[in-house]
Each structure stands twice: as structure tokens, then as C-alpha cells.
Amino acid sequence: MPTDLPLPSVTSALPPVLAGPLLRRLSPERLILWLVGSRPLQLSLQLACAGSQQRLIALDAPLCRRLRVGTHAWLHLIDVPLDTPLPTDTPIEYDLLLEEDGRRSGIADWAPHLLHEGARRPDFLLKSHLDNLLHGSCRKPHFPGADGLAKVDSLLAGLRERPQARPALLMLSGDQIYADDVAGPMLAAIHALIRRLGLYGERLEGALVADSDALYAHPLTYYRREDLLPAFKSSEALRERFFGGVEKPVFTSANAHNHLVTLAEVLAMYLLVWSPLPWTLIRPARPALDADLAERYATEQACLDGFLAQLPQAARALAHLPCLMIFDDHDVTDDWNLSARWEETAYGHPFSRRIIGNALIAYALCQGWGNDPDAFGEILQRIEALTADADERLDDAAQDGLIDELLKFQSWHYRLPTTPPLIVLDTRTRRWRSESHPSRPSGLMDWEALSELQQELLDEQAAVIVSPAPIFGVKLIEAVQRLFTLAGHPLLVDAENWMAHRGSAKVILNIFRHSRTPANYVILSGDVHYSFAYDVRIRHRSGGPQIWQITSSGIKNEFPAGLLTCFDRLNRWLYTPWSPLNWLTKRRRMEVVPRIPHRGRRGERLWNGTGIGQLLLDVLGRPRSILQHNADGSAPTRFVRSAELQRASGRTEDSIVESARLRRGKAE
């Protein structure tokens, strides 16, 4: 195994902790952590910081909620309110002490890979202002590139002696897992882990297999899952839209042939992408495959080995930095809720409805709860009732009832009361559907959700908004998406952007123009598999607002390099500031000025490469530095104004010094 952890035999006892801890939503008054154990654990939280007395908090109910999801798998949802607030802007060491057989052990004993060299315990920092944050999206394990989460770990390691320079949080803005694009070796590992932990099975309706056990054993379960649909005419649309792996010649090739189906599969994938420990418990064997698929399997295995080599660092990053998350489509399925017609097809079939519902259950447990625990009280009760009575298999009526509730749930979005406030949008489940053309892309948020957003923004001086898809995207790419949509093929090009729907585009732009909404907006996005930054202002208006669109994508994914270069160049030619094409866009009242990657060549505006974004804000909530840290180990890329780069490329002594500083990529 490409990790430093020992590989026990299959018959050895399971370790007490399988994944975590992950730091989730942290504040001086409340700490939220996530952990998975092989059994219900008796835990205590130890907190220590310079100049104050250590605290030891027993994590009994209700501070630690234990949900069983398998014979040897228990989620531990840790929610600790604090009577005495913790200090801000100073490192706080913590430990989770495990009591078993009269002995007490800490993280150094059961997860030493989570500690930096020389450290006795992990630590975190509670910032008094949201002045520094990391952000990114799109982490596909079998993509042949370095992992941006491992880069987060190296950044934190380099700041151990300068805690004030540490980021306040890590914002993951979508596609934390790829439930719809799973490598064969990953699926084999998922099935091995399901068996090892006894994750609960389920009955399946509308497929050629009766239940999860039959699915895992079926010869079509690897690379041919779409063939498990009955051969009826009514399932052809589902086969094409949901399982077939739609070829996307313009952007990416989505491959759904190994699409995750069961709740156990999705939960196992979360464990395998967030922790190296489950990998030490399994020895997945390659399934029987023909020659072409065997070659593909081997190629994917090589990519996955690189992912596993960096997984301990990724886990360490998540144990040291508060992490907030929101879904995009691949957390559930490609093109999720793209159009009213897509919804009609996917939710109208029991098999695909179950697949979507299982991904939402797993998202609620592994991502959503940690963002805003107060919103999930009733949902957790229903999940707890579903799993508590399971005897190797979930009750299918209760499971379907829970899925019905999750499909109606409207509290996936959330807000952090930071300075400035961080507002995270749900752009997937509250869509503005087209009634006259149900096959056209739905708006990313409906009128009611956008009205609620405007109320959140009233009288704020600044705000950081997280929208998984960029609000201000690349005009040429949006135009291509529009053409494919008009031709009746929105699925071919991921035709999901804010400007694709007239109603949602008009309302979101009007929110920016409202006189009582913030003077300074920062919009953080992902989704697109490349990175860029824009300065945006309203034409013919002085005094604001100022808007910055900052996109960082992907953590472990990239856009096809040659194609992105062509789009970038054509976009500069066709949409120059004086181009009349700008007046054909819905943003014609906005002036959008790209920032330039200082390490780019030939005037590129778009940066391609795996990594993580960083944003430094001033006291007014305005960007003072926009960075993309490259996972390949090269110097960070700064997004700078054109005039700044031109000044730095001058011949004066001062400008030469400034140019050298920019080229080195040093943060301000």
C-alpha cells in the first residue's frame, strides 16, 4: 500500500477509529467535529491553549450522537457548546481521548498520521475576522494529478511558527466526491470495505437485481451498471440521461458506468476519500474483466495509487482546519436537476430515485450536518430510526420515506456570522424550472430562494457568497452552452450557468444593483475545472458596488488543456471590452475585467491545474491577494490586475523588484 500505515490481516481486530476527526463548523462558543468508529466510542474532548487551563469535556449524549450504519461502522457527530468561549487568533490544541478497557488513548495513539512532525496533538485557530480562507472544488480520486488537499497540509505545516497567517477555514464548494464517476479499483475497494464493516444492505426496485448483495455480485456491476436496467422503452431515457455516461465532446467525458447505487457504497466512498485507515483493512481483488477493461482498470489503479500516497496529508489538513462544504452535481449525479425534464425522468423511476436519495442521505450525514447542525434535527432522527432497527438490511419503506423528506428539504444552504458574513448557496435543489420548455436548463435558484438571499444581504457592508457555479463565467463557454441548449442537447455541455435562465439571471443581477445590499461582494465558485478571477462593476454608476468573482477548480481535476487554451484565446478575441458581442449577454450592464495569472503565458486569463485557492481580505472585505496554490509543487499563481502586471514588467529599479516579487508568487 502506498501509505506509511501498517497493513493488518483481514482477520485482525478493527481499529476503533476509521475516519476523522474532521473539523467542521467551529466558533468560540461551539465546536462541531465528525468521526467514524468501528464501534460506539467513549470519547472526551481535551482543549489546551497558552495562558489558560486545560479543559476536558466528556462527550456523552447529547454532545456526541452515535448513528450506526453497519455492523462495524458508527458515525460520531460531535457538537460541543461551550459556556466559556474559546480565545480567538491563538492556536488551540485539541485531542479526542478514547477510553477502552480501562485505558485512555489519544490521537497520537490511534491516528498518528494526523500529527505534524514534533506535535503531540493537532490544533486549530479561531479567527476573529474572515480575512484569510482557502477554497476549491472537484476532487476526483482517479484523476492523474496531485491532490490539492495535500497542498493544504503543506501550507499549514509551513505556517506552524506563524499562526496569525493561518487561514480561517477551508471552503469546499462542490464535488467533494464523484458518485457518478468511479474508477473500477475504487469500486472494488468500496465493495471490500462494505464487506469488512458490514455496511447495511438494501432492497432495490426497478433494476434487474433484487437487492444490494445481488448488485455487488452481478457480472455487470463493474463498468456496465446501465445494463442492469430492465430493457423496456420507458427506461431508455433514464439509461441515456442517468447511467449511460453522456459523451461531452466540448468539455469533459462523464462516465457513469460505475455509478454508485446503494447507501453503503456512498458511505464507503466517503470513508475511502477522507481517511487512509480504511485502506489498511482491505485487499480488493480485481474483478473478472475483458482485455480492454482490464487495461483501463490498471490505468485507473496507477492514478489511484498516487491519490492514496497523499491521503494521509489530506486527512491531516481536515483535522487542523475548519472545513465547510456544499454539494454540486457530482456529489449526487452528473447534471443533477439540470432541467424539469431531467427531474421528471430521474424521480419518476424507483431505481434512479433511490440512487439520488442514497447520495442525499450520505451527504446529510457526511457533509450537510457539519455545516449547520441545527437544520438537521428532524432529518437525523429519521436516519437514526432507519439504521437503528436494521438487521443487515435497511427497511425499504422507511428508506423511501426518508428520501421523500430529503427531496423536499430546503435547508441545505447556510450562513456563517463571520466578519464579513459567509453565505453559502444551494444551487441544486431550489431550481427555477422552465414551464414552457422543460428540457431547457433550470435557473440555479428560484425566485423565492433569491428573495431570501436578498434579505440576508440587506444592510451588510460586505459579504462573501459561495456559489458552486460562477455567477460571472467565461462568456464564450456560456455562449457555446447556449447554442447546444437551443439545439436540444444541454446534457452534452453541462449547460448549467447563472445566465442560462433569464429569470434567475435577472434577479441575481438586480440583487447586486440594490442600493441596500453590500458595497463589497466576493463570490467564490468552483465547478468548471479551471481557475480565474474577475473584477466586476456596474456600468455608468459611481460608488459601487464592487464585485469580485473568484473561481478555484479543481482540487484534483482539470479541464482538457488544449481545449481550454483555445477557449481562452477565442474569448479574449471575441469579447474584448469594445466588442459588440458584450451587448448580447445578460450581463451587458456589468463591466467584467479579468485579472491575469501572473505566471501565465501569451495573455491567458484562465489557469489550469490541480490545487487550492486562497483569498486574503482587507478590513472592508475587499481582496488584497488572490492566489492559486498549485498541487504539483510549483510556485503559487497570483491573479493580478493588468495594470499591476504592466507596472511590474517595466524597467525602473522599483518595478524590477515588484516584478520579481510577483513572479515568485509571494503573498502580500
# chains A, B, ... in the order shown; residues from 1 in each chain; ligands from 1

$ residues_around --residues "Pro287 (chain A)" --least-positions-apart "4" --cutoff "9 Å" --atoms "only C-alpha atoms" --output "list in words"
Gly184, Ala188, Pro219, Tyr222 and Ala294 of chain A

$ write_last_selection --atoms "N, CA, C and O atoms" --output "mmCIF file, in the first residue's frame"
data_model
loop_
_atom_site.group_PDB
_atom_site.id
_atom_site.type_symbol
_atom_site.label_atom_id
_atom_site.label_comp_id
_atom_site.auth_asym_id
_atom_site.auth_seq_id
_atom_site.Cartn_x
_atom_site.Cartn_y
_atom_site.Cartn_z
ATOM 1 N N GLY A 184 -12.837 1.732 -11.548
ATOM 2 C CA GLY A 184 -13.038 0.331 -11.215
ATOM 3 C C GLY A 184 -12.332 -0.087 -9.937
ATOM 4 O O GLY A 184 -12.933 -0.750 -9.072
ATOM 5 N N ALA A 188 -14.058 -1.544 -6.480
ATOM 6 C CA ALA A 188 -13.655 -2.796 -5.835
ATOM 7 C C ALA A 188 -13.311 -2.564 -4.369
ATOM 8 O O ALA A 188 -13.653 -3.374 -3.494
ATOM 9 N N PRO A 219 -22.167 -9.796 -12.611
ATOM 10 C CA PRO A 219 -21.043 -9.551 -13.529
ATOM 11 C C PRO A 219 -21.109 -8.194 -14.224
ATOM 12 O O PRO A 219 -20.093 -7.730 -14.748
ATOM 13 N N TYR A 222 -19.444 -3.941 -12.664
ATOM 14 C CA TYR A 222 -18.266 -3.138 -12.995
ATOM 15 C C TYR A 222 -18.340 -2.685 -14.444
ATOM 16 O O TYR A 222 -18.422 -3.511 -15.360
ATOM 17 N N ALA A 294 -9.674 -4.529 -18.515
ATOM 18 C CA ALA A 294 -8.554 -4.835 -17.627
ATOM 19 C C ALA A 294 -7.448 -3.795 -17.784
ATOM 20 O O ALA A 294 -6.825 -3.369 -16.794
#

$ residues_around --residues "Leu458 (chain A)" --least-positions-apart "4" --cutoff "7 Å" --atoms "only C-alpha atoms" --output "number ranges by chain"
A: 454, 516-517

$ residues_around --residues "Ile355 (chain A)" --least-positions-apart "6" --cutoff "9 Å" --atoms "only C-alpha atoms" --output "mmCIF file with N, CA and C atoms, in the first residue's frame"
data_model
loop_
_atom_site.group_PDB
_atom_site.id
_atom_site.type_symbol
_atom_site.label_atom_id
_atom_site.label_comp_id
_atom_site.auth_asym_id
_atom_site.auth_seq_id
_atom_site.Cartn_x
_atom_site.Cartn_y
_atom_site.Cartn_z
ATOM 1 N N HIS A 259 -21.522 4.042 -11.652
ATOM 2 C CA HIS A 259 -22.269 4.948 -10.778
ATOM 3 C C HIS A 259 -22.613 4.260 -9.451
ATOM 4 N N LEU A 260 -22.345 4.937 -8.335
ATOM 5 C CA LEU A 260 -22.715 4.390 -7.030
ATOM 6 C C LEU A 260 -24.232 4.294 -6.935
ATOM 7 N N VAL A 261 -24.704 3.233 -6.320
ATOM 8 C CA VAL A 261 -26.138 2.957 -6.250
ATOM 9 C C VAL A 261 -26.633 2.947 -4.810
ATOM 10 N N THR A 262 -26.015 2.151 -3.959
ATOM 11 C CA THR A 262 -26.553 1.927 -2.619
ATOM 12 C C THR A 262 -26.002 2.930 -1.621
ATOM 13 N N LEU A 263 -26.719 3.063 -0.501
ATOM 14 C CA LEU A 263 -26.245 3.930 0.576
ATOM 15 C C LEU A 263 -24.899 3.438 1.094
ATOM 16 N N VAL A 332 -23.888 13.925 -6.108
ATOM 17 C CA VAL A 332 -25.101 13.124 -6.252
ATOM 18 C C VAL A 332 -25.095 12.407 -7.603
ATOM 19 N N THR A 333 -25.155 13.161 -8.695
ATOM 20 C CA THR A 333 -25.055 12.595 -10.040
ATOM 21 C C THR A 333 -24.869 13.726 -11.034
#

$ residues_around --residues "region 361-374 of chain A" --least-positions-apart "5" --cutoff "6 Å" --atoms "only C-alpha atoms" --output "PyMOL selection string"
chain A and resi 24-25+267+324

$ select_by_dssp --residues "region 400-501 of chain A" --states "strand (DSSP E)" --output "number ranges by chain"
A: 414-416, 422-424, 462-466

$ write_last_selection --atoms "N, CA and C atoms" --output "compact mmCIF listing (two decimals), in the first residue's frame"
# COMPACT_ATOMS: atom_id res chain seq x y z
N TYR A 414 -26.67 27.75 4.01
CA TYR A 414 -26.39 28.19 5.37
C TYR A 414 -25.59 29.49 5.35
N ARG A 415 -25.43 30.05 6.53
CA ARG A 415 -24.72 31.33 6.69
C ARG A 415 -23.83 31.24 7.93
N LEU A 416 -22.61 31.76 7.83
CA LEU A 416 -21.73 31.91 8.97
C LEU A 416 -21.71 33.37 9.38
N LEU A 422 -20.25 34.87 5.70
CA LEU A 422 -20.09 33.90 4.63
C LEU A 422 -21.45 33.28 4.35
N ILE A 423 -21.95 33.42 3.13
CA ILE A 423 -23.28 32.94 2.76
C ILE A 423 -23.11 31.89 1.67
N VAL A 424 -23.53 30.66 1.96
CA VAL A 424 -23.31 29.53 1.07
C VAL A 424 -24.64 29.16 0.41
N ALA A 462 -20.32 44.18 3.62
CA ALA A 462 -19.58 43.29 2.73
C ALA A 462 -20.10 41.88 2.93
N ALA A 463 -19.86 41.03 1.95
CA ALA A 463 -20.30 39.63 2.06
C ALA A 463 -19.43 38.77 1.17
N VAL A 464 -19.19 37.55 1.64
CA VAL A 464 -18.56 36.51 0.83
C VAL A 464 -19.65 35.50 0.50
N ILE A 465 -19.95 35.35 -0.79
CA ILE A 465 -21.00 34.44 -1.26
C ILE A 465 -20.34 33.25 -1.93
N VAL A 466 -20.78 32.05 -1.55
CA VAL A 466 -20.27 30.84 -2.19
C VAL A 466 -21.35 30.31 -3.12

$ residues_around --residues "Glu205 (chain A)" --least-positions-apart "6" --cutoff "12 Å" --atoms "only C-alpha atoms" --output "PDB file with C-alpha atoms, in the first residue's frame"
ATOM      1  CA  ASP A 211     -31.035  -6.150  -3.654  1.00  0.00           C
ATOM      2  CA  SER A 212     -27.592  -4.788  -2.896  1.00  0.00           C
ATOM      3  CA  LEU A 215     -25.821  -5.931  -7.292  1.00  0.00           C
ATOM      4  CA  LEU A 228     -28.937  -3.526 -15.006  1.00  0.00           C
ATOM      5  CA  LEU A 229     -31.989  -1.508 -16.034  1.00  0.00           C
ATOM      6  CA  PRO A 230     -34.868  -3.509 -17.466  1.00  0.00           C
ATOM      7  CA  VAL A 261     -26.138   2.957  -6.250  1.00  0.00           C
ATOM      8  CA  THR A 262     -26.553   1.927  -2.619  1.00  0.00           C
ATOM      9  CA  HIS A 349     -38.224   5.803 -11.771  1.00  0.00           C
ATOM     10  CA  PRO A 350     -37.784   3.958  -8.440  1.00  0.00           C
ATOM     11  CA  PHE A 351     -34.210   2.898  -9.183  1.00  0.00           C
ATOM     12  CA  SER A 352     -32.823   6.352 -10.012  1.00  0.00           C
ATOM     13  CA  ARG A 353     -34.901   7.962  -7.256  1.00  0.00           C
ATOM     14  CA  ARG A 354     -33.263   5.585  -4.766  1.00  0.00           C
ATOM     15  CA  ILE A 355     -29.792   6.357  -6.143  1.00  0.00           C
ATOM     16  CA  ASP A 396     -37.115  -0.163   2.207  1.00  0.00           C
ATOM     17  CA  ALA A 397     -40.383   1.611   3.104  1.00  0.00           C
ATOM     18  CA  ASP A 400     -38.099   5.610   0.697  1.00  0.00           C
TER      19      ASP A 400
END

$ residues_around --residues "Thr427 (chain A)" --least-positions-apart "6" --cutoff "10 Å" --atoms "only C-alpha atoms" --output "list in words"
Ile326, Phe327, Asp328, Asp329, Asn337, Trp412, His413, Gly443, Leu444, Met445, Asp446, Ala449, Val466, Ser467, Pro468, Ala469 and Trp498 of chain A

$ write_last_selection --atoms "all heavy atoms" --output "compact mmCIF listing (two decimals), in the first residue's frame"
# COMPACT_ATOMS: atom_id res chain seq x y z
N ILE A 326 -20.44 22.38 0.50
CA ILE A 326 -21.75 22.43 -0.16
C ILE A 326 -21.68 21.51 -1.37
O ILE A 326 -20.62 21.35 -1.98
CB ILE A 326 -22.15 23.87 -0.56
CG1 ILE A 326 -23.62 23.92 -1.01
CG2 ILE A 326 -21.24 24.41 -1.65
CD1 ILE A 326 -24.63 23.56 0.04
N PHE A 327 -22.80 20.91 -1.71
CA PHE A 327 -22.80 19.99 -2.85
C PHE A 327 -22.83 20.71 -4.18
O PHE A 327 -23.27 21.86 -4.29
CB PHE A 327 -23.96 19.00 -2.77
CG PHE A 327 -25.32 19.58 -2.47
CD1 PHE A 327 -25.82 20.69 -3.13
CD2 PHE A 327 -26.12 19.01 -1.49
CE1 PHE A 327 -27.07 21.21 -2.85
CE2 PHE A 327 -27.38 19.52 -1.20
CZ PHE A 327 -27.85 20.62 -1.88
N ASP A 328 -22.33 20.01 -5.20
CA ASP A 328 -22.62 20.34 -6.59
C ASP A 328 -23.15 19.04 -7.20
O ASP A 328 -23.54 18.13 -6.47
CB ASP A 328 -21.40 20.89 -7.30
CG ASP A 328 -21.77 21.76 -8.50
OD1 ASP A 328 -22.97 22.01 -8.72
OD2 ASP A 328 -20.86 22.20 -9.23
N ASP A 329 -23.14 18.92 -8.52
CA ASP A 329 -23.85 17.77 -9.08
C ASP A 329 -23.18 16.43 -8.81
O ASP A 329 -23.84 15.45 -8.47
CB ASP A 329 -24.09 17.97 -10.59
CG ASP A 329 -22.83 18.21 -11.39
OD1 ASP A 329 -21.78 18.53 -10.79
OD2 ASP A 329 -22.90 18.12 -12.63
N ASN A 337 -30.64 17.66 -11.46
CA ASN A 337 -31.69 18.68 -11.55
C ASN A 337 -31.41 19.71 -12.65
O ASN A 337 -31.81 20.88 -12.53
CB ASN A 337 -31.90 19.40 -10.21
CG ASN A 337 -32.48 18.47 -9.15
OD1 ASN A 337 -33.03 17.42 -9.46
ND2 ASN A 337 -32.34 18.85 -7.89
N TRP A 412 -30.44 23.20 2.87
CA TRP A 412 -29.06 22.83 2.56
C TRP A 412 -28.14 24.04 2.58
O TRP A 412 -26.93 23.91 2.81
CB TRP A 412 -28.99 22.16 1.18
CG TRP A 412 -29.82 20.93 1.02
CD1 TRP A 412 -30.95 20.79 0.25
CD2 TRP A 412 -29.61 19.63 1.61
NE1 TRP A 412 -31.44 19.51 0.32
CE2 TRP A 412 -30.65 18.77 1.15
CE3 TRP A 412 -28.65 19.12 2.47
CZ2 TRP A 412 -30.74 17.43 1.53
CZ3 TRP A 412 -28.74 17.78 2.85
CH2 TRP A 412 -29.77 16.96 2.38
N HIS A 413 -28.66 25.23 2.30
CA HIS A 413 -27.86 26.45 2.33
C HIS A 413 -27.61 26.85 3.78
O HIS A 413 -28.29 26.38 4.71
CB HIS A 413 -28.58 27.57 1.59
CG HIS A 413 -29.91 27.94 2.21
ND1 HIS A 413 -31.01 27.11 2.14
CD2 HIS A 413 -30.30 29.02 2.93
CE1 HIS A 413 -32.03 27.67 2.78
NE2 HIS A 413 -31.61 28.83 3.27
N GLY A 443 -33.13 27.53 -13.85
CA GLY A 443 -32.33 28.52 -13.15
C GLY A 443 -31.71 27.91 -11.91
O GLY A 443 -32.30 27.03 -11.27
N LEU A 444 -30.52 28.38 -11.52
CA LEU A 444 -29.81 27.74 -10.41
C LEU A 444 -30.47 28.01 -9.07
O LEU A 444 -30.26 27.25 -8.12
CB LEU A 444 -28.35 28.21 -10.39
CG LEU A 444 -27.52 27.88 -11.64
CD1 LEU A 444 -26.04 28.10 -11.36
CD2 LEU A 444 -27.76 26.46 -12.12
N MET A 445 -31.25 29.08 -8.96
CA MET A 445 -32.06 29.32 -7.76
C MET A 445 -33.39 29.92 -8.22
O MET A 445 -33.43 30.69 -9.18
CB MET A 445 -31.36 30.28 -6.79
CG MET A 445 -30.12 29.70 -6.13
SD MET A 445 -29.17 30.92 -5.17
CE MET A 445 -30.31 31.30 -3.84
N ASP A 446 -34.46 29.55 -7.52
CA ASP A 446 -35.75 30.09 -7.91
C ASP A 446 -35.97 31.46 -7.26
O ASP A 446 -35.16 31.94 -6.46
CB ASP A 446 -36.88 29.12 -7.58
CG ASP A 446 -37.03 28.82 -6.09
OD1 ASP A 446 -36.53 29.60 -5.25
OD2 ASP A 446 -37.64 27.79 -5.75
N ALA A 449 -35.97 31.57 -3.35
CA ALA A 449 -34.64 31.43 -2.77
C ALA A 449 -33.81 32.69 -2.98
O ALA A 449 -33.06 33.13 -2.08
CB ALA A 449 -33.93 30.22 -3.37
N VAL A 466 -20.78 32.05 -1.55
CA VAL A 466 -20.27 30.84 -2.19
C VAL A 466 -21.35 30.31 -3.12
O VAL A 466 -22.43 29.91 -2.69
CB VAL A 466 -19.89 29.78 -1.15
CG1 VAL A 466 -19.41 28.51 -1.84
CG2 VAL A 466 -18.82 30.31 -0.20
N SER A 467 -21.07 30.36 -4.41
CA SER A 467 -21.94 29.80 -5.44
C SER A 467 -21.15 28.74 -6.17
O SER A 467 -20.14 29.06 -6.82
CB SER A 467 -22.40 30.87 -6.43
OG SER A 467 -22.99 30.29 -7.58
N PRO A 468 -21.53 27.44 -6.07
CA PRO A 468 -20.72 26.40 -6.73
C PRO A 468 -20.41 26.72 -8.19
O PRO A 468 -19.27 26.54 -8.63
CB PRO A 468 -21.60 25.15 -6.58
CG PRO A 468 -22.32 25.38 -5.28
CD PRO A 468 -22.62 26.86 -5.27
N ALA A 469 -21.39 27.16 -8.96
CA ALA A 469 -21.14 27.60 -10.33
C ALA A 469 -20.86 29.10 -10.34
O ALA A 469 -21.53 29.86 -9.63
CB ALA A 469 -22.34 27.29 -11.23
N TRP A 498 -25.39 30.59 -14.46
CA TRP A 498 -26.39 31.54 -13.96
C TRP A 498 -27.11 32.26 -15.09
O TRP A 498 -28.27 32.65 -14.95
CB TRP A 498 -25.72 32.55 -13.03
CG TRP A 498 -25.56 32.03 -11.64
CD1 TRP A 498 -24.50 31.37 -11.11
CD2 TRP A 498 -26.53 32.13 -10.59
NE1 TRP A 498 -24.73 31.05 -9.80
CE2 TRP A 498 -25.97 31.51 -9.45
CE3 TRP A 498 -27.80 32.68 -10.49
CZ2 TRP A 498 -26.65 31.43 -8.24
CZ3 TRP A 498 -28.47 32.61 -9.29
CH2 TRP A 498 -27.89 31.99 -8.17

$ residues_around --residues "Cys64 (chain A)" --least-positions-apart "5" --cutoff "6 Å" --atoms "only C-alpha atoms" --output "VMD selection string"
chain A and resid 59 77 to 78

$ write_last_selection --atoms "C-alpha atoms" --output "PDB file, in the first residue's frame"
ATOM      1  CA  LEU A  59     -18.598  13.516  25.011  1.00  0.00           C
ATOM      2  CA  LEU A  77     -21.477  13.533  15.304  1.00  0.00           C
ATOM      3  CA  ILE A  78     -19.801  15.712  17.930  1.00  0.00           C
TER       4      ILE A  78
END

$ select_by_dssp --residues "region 351-556 of chain A" --states "helix (DSSP H, G or I)" --output "PyMOL selection string"
chain A and resi 351-371+373-388+396-408+447-457+475-486+490-493+498-500+502-513

$ closest_residue --among "A:Gln301, A:Thr419, A:Ser52, A:Ser451" --to "Met186 (chain A)" --atoms "only C-alpha atoms"
A:Gln301

$ closest_atom_pairs --of "region 17-136 of chain A" --to "region 546-551 of chain A" --cutoff "12 Å" --atoms "only C-alpha atoms" --output "Markdown table"
| residue | atom | partner | partner_atom | distance |
| --- | --- | --- | --- | --- |
| A:Leu134 | CA | A:Thr551 | CA | 11.4 |
| A:His135 | CA | A:Thr551 | CA | 8.7 |
| A:Gly136 | CA | A:Thr551 | CA | 7.9 |

$ write_last_selection --atoms "C-alpha atoms" --output "PDB file, in the first residue's frame"
ATOM      1  CA  LEU A 134      -8.808  28.574   1.328  1.00  0.00           C
ATOM      2  CA  HIS A 135     -11.338  27.328  -1.201  1.00  0.00           C
ATOM      3  CA  GLY A 136     -11.706  24.820  -4.005  1.00  0.00           C
TER       4      GLY A 136
END

$ atom_distance --atom1 "CA of Phe307 (chain A)" --atom2 "CA of Asp180 (chain A)"
18.1 Å

$ closest_residue --among "A:Gly158, A:Gly609, A:Gly526, A:Gly51" --to "Gly174 (chain A)" --atoms "only C-alpha atoms"
A:Gly526

$ closest_residue --among "A:Ile32, A:Ala168, A:Val69, A:Leu23" --to "Glu384 (chain A)" --atoms "only C-alpha atoms"
A:Val69

$ closest_residue --among "A:Arg120, A:Arg296, A:Arg599, A:Arg638" --to "Ala533 (chain A)" --atoms "only C-alpha atoms"
A:Arg638

$ closest_residue --among "A:Leu563, A:Trp34, A:Leu47, A:Asp305" --to "Leu63 (chain A)" --atoms "only C-alpha atoms"
A:Trp34

$ closest_residue --among "A:Thr71, A:Gln310, A:Ser27, A:Ser552" --to "Asp389 (chain A)" --atoms "only C-alpha atoms"
A:Thr71

$ atom_distance --atom1 "CA of Thr90 (chain A)" --atom2 "CA of Ile107 (chain A)"
21.1 Å
